[in-house]
$ cat target30.cif   # mmCIF, C-alpha atoms and all ligand atoms
data_query
#
loop_
_atom_site.label_atom_id
_atom_site.label_comp_id
_atom_site.auth_asym_id
_atom_site.auth_seq_id
_atom_site.Cartn_x
_atom_site.Cartn_y
_atom_site.Cartn_z
CA MET B 1 -7.21 -1.43 23.83
CA ARG B 2 -8.22 -0.64 20.28
CA ALA B 3 -5.92 1.01 17.72
CA VAL B 4 -8.10 3.83 16.43
CA VAL B 5 -7.29 5.91 13.35
CA ALA B 6 -6.86 9.49 14.55
CA GLY B 7 -5.56 11.04 11.33
CA VAL B 8 -4.36 10.30 7.82
CA GLY B 9 -1.92 12.07 5.52
CA ALA B 10 -0.32 11.63 2.12
CA CYS B 11 2.48 12.97 -0.02
CA THR B 12 3.27 12.45 -3.67
CA PRO B 13 6.34 13.69 -5.54
CA GLU B 14 6.07 16.93 -7.56
CA ARG B 15 6.43 15.33 -10.95
CA VAL B 16 3.55 13.60 -12.73
CA VAL B 17 4.40 11.19 -15.54
CA THR B 18 1.52 10.40 -17.90
CA ASN B 19 1.14 7.31 -20.05
CA ALA B 20 1.74 9.54 -23.09
CA GLU B 21 5.17 10.43 -21.71
CA LEU B 22 6.01 6.73 -21.31
CA GLU B 23 5.00 6.09 -24.93
CA LYS B 24 8.08 8.12 -25.87
CA LYS B 25 10.40 6.02 -23.67
CA VAL B 26 9.33 2.43 -24.27
CA ASP B 27 7.28 0.47 -26.81
CA THR B 28 3.89 0.93 -25.14
CA THR B 29 0.62 2.78 -25.61
CA ASP B 30 -1.75 4.69 -23.37
CA ASP B 31 -4.48 2.30 -24.56
CA TRP B 32 -2.57 -0.83 -23.48
CA ILE B 33 -1.75 0.60 -20.05
CA VAL B 34 -5.30 1.84 -19.39
CA GLN B 35 -7.00 -1.33 -20.62
CA ARG B 36 -4.71 -3.78 -18.83
CA THR B 37 -4.26 -1.87 -15.57
CA GLY B 38 -6.45 1.25 -15.28
CA ILE B 39 -3.34 3.40 -14.73
CA ARG B 40 -3.36 6.84 -16.42
CA GLN B 41 -0.49 8.57 -14.63
CA ARG B 42 1.96 8.11 -11.75
CA TYR B 43 4.17 10.38 -9.64
CA ILE B 44 7.94 9.96 -9.94
CA ALA B 45 10.38 11.21 -7.32
CA GLY B 46 12.87 13.85 -8.42
CA GLU B 47 16.13 15.12 -7.01
CA GLY B 48 15.94 15.51 -3.24
CA GLU B 49 12.80 13.40 -2.98
CA THR B 50 13.37 10.05 -1.27
CA THR B 51 11.27 7.50 0.55
CA SER B 52 12.03 9.20 3.88
CA THR B 53 11.25 12.75 2.70
CA LEU B 54 7.89 11.65 1.25
CA ALA B 55 7.17 9.59 4.38
CA THR B 56 8.02 12.49 6.68
CA LYS B 57 5.60 14.84 4.88
CA ALA B 58 2.83 12.24 4.90
CA ALA B 59 3.42 11.61 8.62
CA GLN B 60 3.38 15.36 9.42
CA ARG B 61 0.05 15.69 7.60
CA ALA B 62 -1.39 12.69 9.46
CA LEU B 63 -0.30 14.15 12.82
CA GLU B 64 -1.82 17.52 11.89
CA ALA B 65 -5.09 15.84 10.90
CA ALA B 66 -5.08 14.02 14.25
CA GLY B 67 -4.40 17.25 16.17
CA LEU B 68 -1.26 15.62 17.61
CA THR B 69 2.45 16.44 17.59
CA ALA B 70 5.71 14.49 17.42
CA ALA B 71 5.81 14.49 21.23
CA ASP B 72 2.72 12.23 21.31
CA VAL B 73 4.24 9.49 19.12
CA ASP B 74 5.79 6.44 20.79
CA LEU B 75 6.02 4.06 17.81
CA ILE B 76 6.79 4.38 14.11
CA VAL B 77 6.26 1.39 11.83
CA LEU B 78 7.20 2.14 8.23
CA ALA B 79 6.49 -0.25 5.39
CA THR B 80 8.85 0.00 2.45
CA SER B 81 10.87 -2.06 0.01
CA THR B 82 12.74 1.00 -1.22
CA PRO B 83 14.51 2.36 1.89
CA ASP B 84 16.72 5.43 1.52
CA TYR B 85 19.68 3.27 2.58
CA THR B 86 20.27 -0.43 3.33
CA PHE B 87 20.40 0.73 6.94
CA PRO B 88 19.45 2.42 9.21
CA ALA B 89 15.74 1.81 8.86
CA THR B 90 13.91 4.57 6.99
CA ALA B 91 11.59 4.77 10.01
CA THR B 92 14.48 6.12 12.10
CA GLN B 93 15.16 8.84 9.53
CA VAL B 94 11.51 9.84 9.63
CA GLN B 95 11.69 9.74 13.44
CA ALA B 96 14.61 12.17 13.43
CA ALA B 97 13.03 14.44 10.81
CA LEU B 98 9.80 14.65 12.83
CA GLY B 99 11.66 15.20 16.10
CA VAL B 100 10.26 12.06 17.75
CA THR B 101 12.53 10.88 20.57
CA ARG B 102 10.38 8.31 22.39
CA GLY B 103 9.71 4.66 21.73
CA ALA B 104 10.82 2.57 18.76
CA ALA B 105 10.95 3.11 15.01
CA PHE B 106 11.50 0.29 12.55
CA ASP B 107 10.74 -0.80 8.99
CA VAL B 108 8.54 -3.65 7.86
CA GLN B 109 9.31 -5.36 4.56
CA ALA B 110 6.40 -7.11 2.89
CA VAL B 111 6.54 -5.33 -0.49
CA CYS B 112 3.05 -4.36 -1.71
CA SER B 113 1.42 -5.90 1.40
CA GLY B 114 3.68 -3.83 3.65
CA PHE B 115 1.05 -1.38 4.86
CA VAL B 116 -1.35 -4.14 5.93
CA PHE B 117 1.55 -5.84 7.74
CA ALA B 118 2.56 -2.55 9.40
CA VAL B 119 -1.02 -1.85 10.56
CA SER B 120 -1.22 -5.36 12.01
CA VAL B 121 2.12 -4.98 13.86
CA ALA B 122 1.29 -1.54 15.26
CA GLU B 123 -2.19 -2.71 16.30
CA LYS B 124 -0.60 -5.48 18.37
CA PHE B 125 1.75 -2.99 20.12
CA ILE B 126 -1.31 -0.90 21.01
CA ALA B 127 -3.54 -3.83 21.99
CA THR B 128 -0.90 -5.10 24.43
CA GLY B 129 -0.37 -1.67 25.96
CA ALA B 130 3.23 -1.40 24.67
CA SER B 131 2.37 1.75 22.67
CA ALA B 132 -0.25 4.48 22.96
CA CYS B 133 0.26 6.40 19.73
CA ALA B 134 1.73 4.91 16.56
CA LEU B 135 2.54 6.35 13.18
CA VAL B 136 2.00 3.71 10.50
CA ILE B 137 3.50 4.69 7.18
CA GLY B 138 3.70 3.17 3.71
CA ALA B 139 6.33 4.91 1.58
CA GLU B 140 8.06 3.96 -1.64
CA THR B 141 10.23 5.19 -4.48
CA PHE B 142 9.87 2.20 -6.80
CA SER B 143 11.02 4.40 -9.71
CA ARG B 144 14.55 3.91 -8.33
CA ILE B 145 14.45 0.10 -8.71
CA LEU B 146 12.65 -0.08 -12.05
CA ASP B 147 14.34 -1.19 -15.24
CA TRP B 148 13.26 1.74 -17.40
CA GLU B 149 13.85 -0.33 -20.54
CA ASP B 150 11.45 -3.10 -19.47
CA ARG B 151 7.99 -2.10 -20.69
CA THR B 152 6.37 -4.99 -18.82
CA THR B 153 7.18 -3.39 -15.45
CA CYS B 154 8.21 0.26 -15.80
CA VAL B 155 4.74 1.46 -16.81
CA LEU B 156 3.09 -0.06 -13.73
CA PHE B 157 4.71 1.57 -10.71
CA GLY B 158 4.91 5.00 -9.10
CA ASP B 159 6.23 6.76 -5.98
CA GLY B 160 4.48 8.19 -2.94
CA ALA B 161 3.77 7.92 0.76
CA GLY B 162 0.78 7.73 3.05
CA ALA B 163 0.47 7.59 6.81
CA ILE B 164 -2.08 7.03 9.54
CA VAL B 165 -1.92 7.76 13.25
CA LEU B 166 -3.21 4.92 15.43
CA LYS B 167 -4.18 5.90 18.98
CA ALA B 168 -4.96 3.60 21.88
CA GLU B 169 -8.58 3.86 22.99
CA PRO B 170 -10.48 1.49 25.24
CA GLY B 171 -13.02 -0.68 23.42
CA GLN B 172 -15.71 -3.19 24.35
CA GLY B 173 -14.28 -5.97 22.20
CA THR B 174 -17.16 -5.83 19.71
CA THR B 175 -17.41 -4.67 16.11
CA ASP B 176 -19.11 -1.50 17.39
CA ASP B 177 -15.68 -0.37 18.64
CA ARG B 178 -13.75 2.10 16.56
CA GLY B 179 -10.26 0.96 15.47
CA VAL B 180 -8.64 -2.08 13.91
CA LEU B 181 -11.14 -4.91 14.40
CA THR B 182 -9.11 -7.71 12.88
CA SER B 183 -6.04 -8.33 10.71
CA HIS B 184 -4.82 -11.41 8.89
CA LEU B 185 -1.37 -11.86 7.36
CA ARG B 186 0.01 -14.60 5.12
CA SER B 187 3.27 -15.37 3.30
CA ASP B 188 4.49 -18.10 0.98
CA GLY B 189 8.17 -17.83 0.06
CA ARG B 190 7.91 -20.45 -2.66
CA HIS B 191 6.68 -17.74 -5.04
CA ARG B 192 9.84 -15.61 -4.96
CA GLU B 193 10.69 -15.96 -8.66
CA LYS B 194 7.39 -14.43 -9.80
CA LEU B 195 8.12 -11.02 -8.27
CA TYR B 196 11.52 -10.03 -6.90
CA VAL B 197 14.44 -7.63 -7.13
CA ASP B 198 17.56 -9.07 -8.75
CA GLY B 199 20.01 -7.41 -6.37
CA GLY B 200 20.63 -6.84 -2.70
CA PRO B 201 23.39 -6.08 -0.19
CA SER B 202 24.23 -9.66 0.73
CA ALA B 203 23.55 -11.54 -2.51
CA THR B 204 25.02 -9.19 -5.11
CA GLY B 205 26.23 -6.03 -3.41
CA THR B 206 23.94 -4.03 -5.71
CA VAL B 207 20.50 -2.47 -5.43
CA GLY B 208 19.04 -4.43 -8.36
CA HIS B 209 15.93 -4.06 -10.48
CA LEU B 210 12.37 -5.24 -10.06
CA ARG B 211 11.48 -8.35 -12.08
CA MET B 212 7.93 -9.62 -12.42
CA SER B 213 6.04 -12.29 -14.32
CA GLY B 214 2.89 -10.19 -14.33
CA ARG B 215 0.61 -12.88 -15.68
CA GLU B 216 1.76 -15.33 -12.96
CA VAL B 217 1.22 -12.76 -10.19
CA PHE B 218 -2.19 -11.94 -11.61
CA ARG B 219 -3.12 -15.64 -11.64
CA HIS B 220 -2.55 -15.91 -7.87
CA ALA B 221 -3.67 -12.46 -6.74
CA VAL B 222 -7.45 -12.73 -6.70
CA GLY B 223 -7.53 -16.12 -4.95
CA MET B 224 -5.02 -15.08 -2.31
CA VAL B 225 -6.61 -11.76 -1.37
CA THR B 226 -10.14 -13.12 -1.33
CA ASP B 227 -8.97 -15.99 0.94
CA VAL B 228 -7.61 -13.62 3.53
CA MET B 229 -10.57 -11.24 3.21
CA THR B 230 -12.83 -14.23 3.91
CA ASP B 231 -10.76 -14.89 7.07
CA ALA B 232 -11.32 -11.27 8.14
CA PHE B 233 -15.08 -11.57 7.62
CA ALA B 234 -15.16 -14.87 9.54
CA ALA B 235 -13.17 -13.42 12.48
CA THR B 236 -15.54 -10.47 12.90
CA GLY B 237 -18.87 -11.90 11.76
CA LEU B 238 -19.09 -8.98 9.34
CA THR B 239 -20.12 -9.49 5.72
CA ALA B 240 -19.44 -7.75 2.43
CA GLY B 241 -22.76 -5.95 2.92
CA ASP B 242 -21.53 -4.43 6.21
CA LEU B 243 -18.57 -2.70 4.53
CA ASP B 244 -18.84 1.01 3.89
CA TRP B 245 -15.58 1.11 1.96
CA PHE B 246 -13.25 -1.39 0.35
CA VAL B 247 -9.75 0.06 0.01
CA PRO B 248 -7.58 -2.50 -1.77
CA HIS B 249 -3.94 -2.36 -2.83
CA GLN B 250 -3.89 -0.42 -6.09
CA ALA B 251 -1.93 -2.60 -8.52
CA ASN B 252 -4.42 -3.31 -11.24
CA GLU B 253 -8.04 -2.30 -11.66
CA ARG B 254 -8.91 -5.74 -13.04
CA ILE B 255 -7.58 -7.48 -9.90
CA ILE B 256 -9.49 -5.01 -7.69
CA ASP B 257 -12.77 -5.51 -9.55
CA ALA B 258 -12.43 -9.30 -9.71
CA SER B 259 -11.71 -9.53 -5.96
CA ALA B 260 -14.66 -7.31 -5.06
CA GLU B 261 -16.98 -9.20 -7.38
CA LYS B 262 -15.92 -12.60 -6.02
CA LEU B 263 -16.88 -11.54 -2.47
CA GLY B 264 -20.01 -9.63 -3.47
CA ILE B 265 -18.71 -6.16 -2.59
CA ASP B 266 -20.77 -3.43 -4.27
CA SER B 267 -18.62 -1.65 -6.86
CA LYS B 268 -19.79 1.74 -5.49
CA LYS B 269 -17.95 0.95 -2.24
CA ILE B 270 -14.54 0.47 -3.89
CA VAL B 271 -11.96 3.24 -3.46
CA LYS B 272 -9.77 3.27 -6.57
CA THR B 273 -6.78 5.55 -7.03
CA VAL B 274 -4.77 3.33 -9.38
CA ALA B 275 -5.51 5.68 -12.30
CA LEU B 276 -3.81 8.57 -10.48
CA HIS B 277 -0.95 6.88 -8.63
CA GLY B 278 -0.15 3.62 -10.45
CA ASN B 279 1.12 0.85 -8.21
CA THR B 280 2.94 2.53 -5.31
CA SER B 281 3.45 -0.75 -3.45
CA ALA B 282 3.23 -0.23 0.34
CA ALA B 283 2.10 3.38 -0.15
CA SER B 284 -0.95 2.56 -2.24
CA ILE B 285 -3.47 1.82 0.54
CA PRO B 286 -2.66 4.84 2.75
CA LEU B 287 -2.65 7.07 -0.35
CA ALA B 288 -6.11 5.72 -1.22
CA LEU B 289 -7.30 6.15 2.39
CA ALA B 290 -6.06 9.76 2.41
CA THR B 291 -7.84 10.44 -0.88
CA ALA B 292 -11.16 9.00 0.33
CA VAL B 293 -10.98 10.83 3.67
CA ALA B 294 -10.10 14.14 1.98
CA ASP B 295 -13.03 13.90 -0.46
CA GLY B 296 -15.47 13.02 2.33
CA ARG B 297 -16.16 9.40 1.40
CA ILE B 298 -14.63 7.73 4.49
CA LYS B 299 -16.19 9.14 7.67
CA ARG B 300 -15.94 8.42 11.37
CA GLY B 301 -17.73 5.18 12.22
CA ASP B 302 -17.45 3.67 8.71
CA ILE B 303 -16.40 0.04 8.32
CA VAL B 304 -13.35 -0.10 6.03
CA MET B 305 -11.60 -3.17 4.67
CA ILE B 306 -8.01 -2.98 3.41
CA GLU B 307 -6.19 -5.77 1.59
CA ALA B 308 -3.04 -6.31 -0.42
CA MET B 309 -0.88 -8.91 -2.09
CA GLY B 310 2.72 -8.62 -3.20
CA GLY B 311 6.23 -9.99 -3.55
CA GLY B 312 7.18 -12.99 -1.43
CA PHE B 313 4.34 -13.72 -1.92
CA THR B 314 2.85 -11.88 1.01
CA TRP B 315 -0.81 -11.02 1.42
CA GLY B 316 -3.12 -9.73 4.08
CA ALA B 317 -6.37 -8.01 4.99
CA ALA B 318 -7.71 -5.96 7.87
CA ILE B 319 -11.06 -4.50 8.85
CA LEU B 320 -11.24 -1.18 10.71
CA ARG B 321 -14.04 0.93 12.06
CA TRP B 322 -12.93 4.47 11.17
O1 LIG N 401 1.59 -5.11 -6.61
C1 LIG N 401 2.15 -6.38 -6.52
C2 LIG N 401 1.44 -7.34 -7.31
N1 LIG N 401 1.56 -7.07 -8.74
C3 LIG N 401 0.49 -7.14 -9.47
O2 LIG N 401 -0.59 -7.29 -8.95
C4 LIG N 401 0.64 -7.18 -10.96
C5 LIG N 401 -0.15 -8.31 -11.49
N2 LIG N 401 -0.16 -8.43 -12.92
C6 LIG N 401 -0.77 -7.54 -13.74
O3 LIG N 401 -1.28 -6.54 -13.30
C7 LIG N 401 -0.84 -7.87 -15.20
O4 LIG N 401 -0.42 -9.18 -15.42
C8 LIG N 401 0.00 -6.92 -16.09
C9 LIG N 401 -0.66 -5.55 -16.13
C10 LIG N 401 1.40 -6.82 -15.56
C11 LIG N 401 0.04 -7.44 -17.52
O5 LIG N 401 -1.28 -7.65 -18.02
P1 LIG N 401 -1.64 -9.02 -18.74
O6 LIG N 401 -3.02 -8.88 -19.22
O7 LIG N 401 -1.35 -10.13 -17.77
O8 LIG N 401 -0.67 -9.02 -19.95
P2 LIG N 401 0.48 -10.07 -20.32
O9 LIG N 401 1.60 -9.99 -19.36
O10 LIG N 401 -0.17 -11.38 -20.56
O11 LIG N 401 0.98 -9.46 -21.69
C12 LIG N 401 0.11 -9.37 -22.82
C13 LIG N 401 0.89 -8.79 -23.98
C14 LIG N 401 2.23 -9.46 -24.20
O12 LIG N 401 2.43 -9.60 -25.58
P3 LIG N 401 2.22 -11.03 -26.29
O13 LIG N 401 3.17 -11.96 -25.60
O14 LIG N 401 0.79 -11.37 -26.02
O15 LIG N 401 2.54 -10.73 -27.68
C15 LIG N 401 3.21 -8.47 -23.66
O16 LIG N 401 4.47 -8.53 -24.27
O17 LIG N 401 1.17 -7.41 -23.74
C16 LIG N 401 2.56 -7.15 -23.97
N3 LIG N 401 3.00 -6.07 -23.10
C17 LIG N 401 2.87 -4.77 -23.42
N4 LIG N 401 2.38 -4.15 -24.50
C18 LIG N 401 2.39 -2.81 -24.52
C19 LIG N 401 3.55 -6.16 -21.87
N5 LIG N 401 3.79 -4.94 -21.39
C20 LIG N 401 3.39 -4.06 -22.33
C21 LIG N 401 3.37 -2.65 -22.40
N6 LIG N 401 2.87 -2.06 -23.51
N7 LIG N 401 3.81 -1.87 -21.40
#
$ encode --input "target30.cif" --output "structure tokens"
Amino acid sequence: MRAVVAGVGACTPERVVTNAELEKKVDTTDDWIVQRTGIRQRYIAGEGETTSTLATKAAQRALEAAGLTAADVDLIVLATSTPDYTFPATATQVQAALGVTRGAAFDVQAVCSGFVFAVSVAEKFIATGASACALVIGAETFSRILDWEDRTTCVLFGDGAGAIVLKAEPGQGTTDDRGVLTSHLRSDGRHREKLYVDGGPSATGTVGHLRMSGREVFRHAVGMVTDVMTDAFAATGLTAGDLDWFVPHQANERIIDASAEKLGIDSKKIVKTVALHGNTSAASIPLALATAVADGRIKRGDIVMIEAMGGGFTWGAAILRW
């Protein structure tokens, strides 16, 4: 069984915060942010907007796009590092809000790589026959764990949610099949100190704030993602030239461009939304997918590669035929 994308949806908070607005809050400039990251604006959740409310809207839109309803869903895998509450899982809140009563709903925690991890997990449920229709969601409200006095991090992140519906469809086991063709996940916990949150229920009894040595993360990012992308190419026999679209995690335009260049991916094939959304962690890839489907770039039958790297470190890549 292949896990085939049947629909995609997205939701961003109402409020847009531009770089110019951040210039008034911390010692930064629009020029610095644009040159170092490519980010021009981000969405920030307001009152009443949480990870689960954004996720629910994105999921509803993905179901609508797929022509399906809550009754069809038998699995929800939600990637987030900013759950509404320590527990229950945000996925169960989305489940209740959608009116889904079958199957399982749980969260996956792999920070910025979360969506790739969630796709890989859901694909395995479908491939084994355990599920027939999965909602895979990436949703975050990183604005709630940012230290708004730390200019080295607060200008980088934003809030949002994106979702895809994965449906079981029989395949031939070749790369001509539609669906997730391969996925590759990696973690290395020795890198914790480079990107972490300095609070948590068991360690401190607080929520904490995001801390990052940006330069250190940057130093590892390109090598790690290109490693796992190379694994994905090797597993499928596909090459950079076979890709129709490259949809990377949207943390930094320089990391995106360097990764694509290293593997010989044509710059015209890169989907970039970092300017609009900033780094929305696990939400960034599904937000970018939704953007590129809505504007007609990604079409049925296209070969799409997704990849991400984030806190842990965690990193991963997957290739799908849309
Ligand atoms: O999504 C999970 C993975 N995360 C990432 O992929 C993030 C990876 N890292 C990055 O994207 C980049 O490292 C950053 C965008 C975070 C920083 O860019 P950089 O080119 O690595 O800059 P830097 O950290 O080396 O800082 C350069 C200078 C420093 O000043 P000095 O020490 O050279 O005097 C910083 O203090 O820029 C300064 N700086 C700022 N200046 C204006 C740091 N933040 C700001 C700011 N505005 N917001």
$ residues_near_point --input "target30.cif" --point "(4.2, -19.4, -9.2)" --cutoff "9 Å" --atoms "all atoms listed in the file" --output "tab-separated table (two decimals) with C-alpha atoms, keeping the file's coordinate frame"
chain	number	residue	atom	x	y	z
B	190	ARG	CA	7.91	-20.45	-2.66
B	191	HIS	CA	6.68	-17.74	-5.04
B	192	ARG	CA	9.84	-15.61	-4.96
B	193	GLU	CA	10.69	-15.96	-8.66
B	194	LYS	CA	7.39	-14.43	-9.80
B	213	SER	CA	6.04	-12.29	-14.32
B	216	GLU	CA	1.76	-15.33	-12.96
B	217	VAL	CA	1.22	-12.76	-10.19
B	219	ARG	CA	-3.12	-15.64	-11.64
B	220	HIS	CA	-2.55	-15.91	-7.87
$ axis_aligned_box --input "target30.cif" --around "ligand LIG 401 (chain N)" --padding-each-side "8 Å" --output "JSON"
{"center_x": 0.7, "center_y": -6.9, "center_z": -17.1, "size_x": 23.5, "size_y": 26.1, "size_z": 37.2}
$ closest_residue --input "target30.cif" --among "B:Thr314, B:Asn19, B:Ser202, B:Thr90" --to "B:Thr53" --atoms "only C-alpha atoms"
B:Thr90
$ closest_residue --input "target30.cif" --among "B:Arg15, B:Lys24, B:Lys262, B:Arg36" --to "B:Ala275" --atoms "only C-alpha atoms"
B:Arg36
$ atom_distance --input "target30.cif" --atom1 "atom CA of B:Gly264" --atom2 "atom CA of B:Leu243"
10.7 Å
$ build_atoms --input "target30.cif" --residues "stretch 37-55 of chain B" --atoms "N, CA, C and O atoms" --output "mmCIF file, keeping the file's coordinate frame"
data_model
loop_
_atom_site.group_PDB
_atom_site.id
_atom_site.type_symbol
_atom_site.label_atom_id
_atom_site.label_comp_id
_atom_site.auth_asym_id
_atom_site.auth_seq_id
_atom_site.Cartn_x
_atom_site.Cartn_y
_atom_site.Cartn_z
ATOM 1 N N THR B 37 -4.529 -2.184 -16.980
ATOM 2 C CA THR B 37 -4.260 -1.870 -15.570
ATOM 3 C C THR B 37 -5.167 -0.791 -14.968
ATOM 4 O O THR B 37 -5.324 -0.744 -13.757
ATOM 5 N N GLY B 38 -5.683 0.106 -15.805
ATOM 6 C CA GLY B 38 -6.450 1.250 -15.280
ATOM 7 C C GLY B 38 -5.575 2.448 -14.941
ATOM 8 O O GLY B 38 -6.080 3.504 -14.549
ATOM 9 N N ILE B 39 -4.256 2.303 -15.099
ATOM 10 C CA ILE B 39 -3.340 3.400 -14.730
ATOM 11 C C ILE B 39 -3.314 4.461 -15.851
ATOM 12 O O ILE B 39 -3.198 4.123 -17.032
ATOM 13 N N ARG B 40 -3.430 5.747 -15.439
ATOM 14 C CA ARG B 40 -3.360 6.840 -16.420
ATOM 15 C C ARG B 40 -2.136 7.725 -16.203
ATOM 16 O O ARG B 40 -1.645 8.376 -17.118
ATOM 17 N N GLN B 41 -1.677 7.765 -14.960
ATOM 18 C CA GLN B 41 -0.490 8.570 -14.630
ATOM 19 C C GLN B 41 0.100 8.022 -13.335
ATOM 20 O O GLN B 41 -0.510 7.202 -12.658
ATOM 21 N N ARG B 42 1.320 8.458 -13.016
ATOM 22 C CA ARG B 42 1.960 8.110 -11.750
ATOM 23 C C ARG B 42 2.856 9.269 -11.385
ATOM 24 O O ARG B 42 3.205 10.099 -12.245
ATOM 25 N N TYR B 43 3.228 9.359 -10.110
ATOM 26 C CA TYR B 43 4.170 10.380 -9.640
ATOM 27 C C TYR B 43 5.547 9.745 -9.541
ATOM 28 O O TYR B 43 5.678 8.618 -9.067
ATOM 29 N N ILE B 44 6.568 10.491 -9.969
ATOM 30 C CA ILE B 44 7.940 9.960 -9.940
ATOM 31 C C ILE B 44 8.825 10.928 -9.159
ATOM 32 O O ILE B 44 8.850 12.137 -9.437
ATOM 33 N N ALA B 45 9.537 10.388 -8.185
ATOM 34 C CA ALA B 45 10.380 11.210 -7.320
ATOM 35 C C ALA B 45 11.513 11.870 -8.114
ATOM 36 O O ALA B 45 12.113 11.247 -8.990
ATOM 37 N N GLY B 46 11.780 13.117 -7.797
ATOM 38 C CA GLY B 46 12.870 13.850 -8.420
ATOM 39 C C GLY B 46 14.029 14.016 -7.452
ATOM 40 O O GLY B 46 14.034 13.423 -6.361
ATOM 41 N N GLU B 47 14.957 14.875 -7.853
ATOM 42 C CA GLU B 47 16.130 15.120 -7.010
ATOM 43 C C GLU B 47 15.687 15.610 -5.625
ATOM 44 O O GLU B 47 14.791 16.457 -5.526
ATOM 45 N N GLY B 48 16.278 15.065 -4.602
ATOM 46 C CA GLY B 48 15.940 15.510 -3.240
ATOM 47 C C GLY B 48 14.718 14.828 -2.652
ATOM 48 O O GLY B 48 14.430 14.978 -1.466
ATOM 49 N N GLU B 49 13.966 14.121 -3.496
ATOM 50 C CA GLU B 49 12.800 13.400 -2.980
ATOM 51 C C GLU B 49 13.172 11.920 -2.791
ATOM 52 O O GLU B 49 13.573 11.258 -3.754
ATOM 53 N N THR B 50 13.064 11.451 -1.572
ATOM 54 C CA THR B 50 13.370 10.050 -1.270
ATOM 55 C C THR B 50 12.207 9.451 -0.494
ATOM 56 O O THR B 50 11.280 10.164 -0.098
ATOM 57 N N THR B 51 12.322 8.167 -0.233
ATOM 58 C CA THR B 51 11.270 7.500 0.550
ATOM 59 C C THR B 51 11.079 8.203 1.886
ATOM 60 O O THR B 51 9.944 8.459 2.317
ATOM 61 N N SER B 52 12.186 8.588 2.542
ATOM 62 C CA SER B 52 12.030 9.200 3.880
ATOM 63 C C SER B 52 11.474 10.625 3.799
ATOM 64 O O SER B 52 10.722 11.027 4.690
ATOM 65 N N THR B 53 11.797 11.378 2.757
ATOM 66 C CA THR B 53 11.250 12.750 2.700
ATOM 67 C C THR B 53 9.747 12.717 2.415
ATOM 68 O O THR B 53 8.976 13.494 2.989
ATOM 69 N N LEU B 54 9.334 11.792 1.535
ATOM 70 C CA LEU B 54 7.890 11.650 1.250
ATOM 71 C C LEU B 54 7.168 11.143 2.490
ATOM 72 O O LEU B 54 6.087 11.636 2.847
ATOM 73 N N ALA B 55 7.780 10.176 3.171
ATOM 74 C CA ALA B 55 7.170 9.590 4.380
ATOM 75 C C ALA B 55 7.034 10.642 5.473
ATOM 76 O O ALA B 55 6.014 10.692 6.178
#
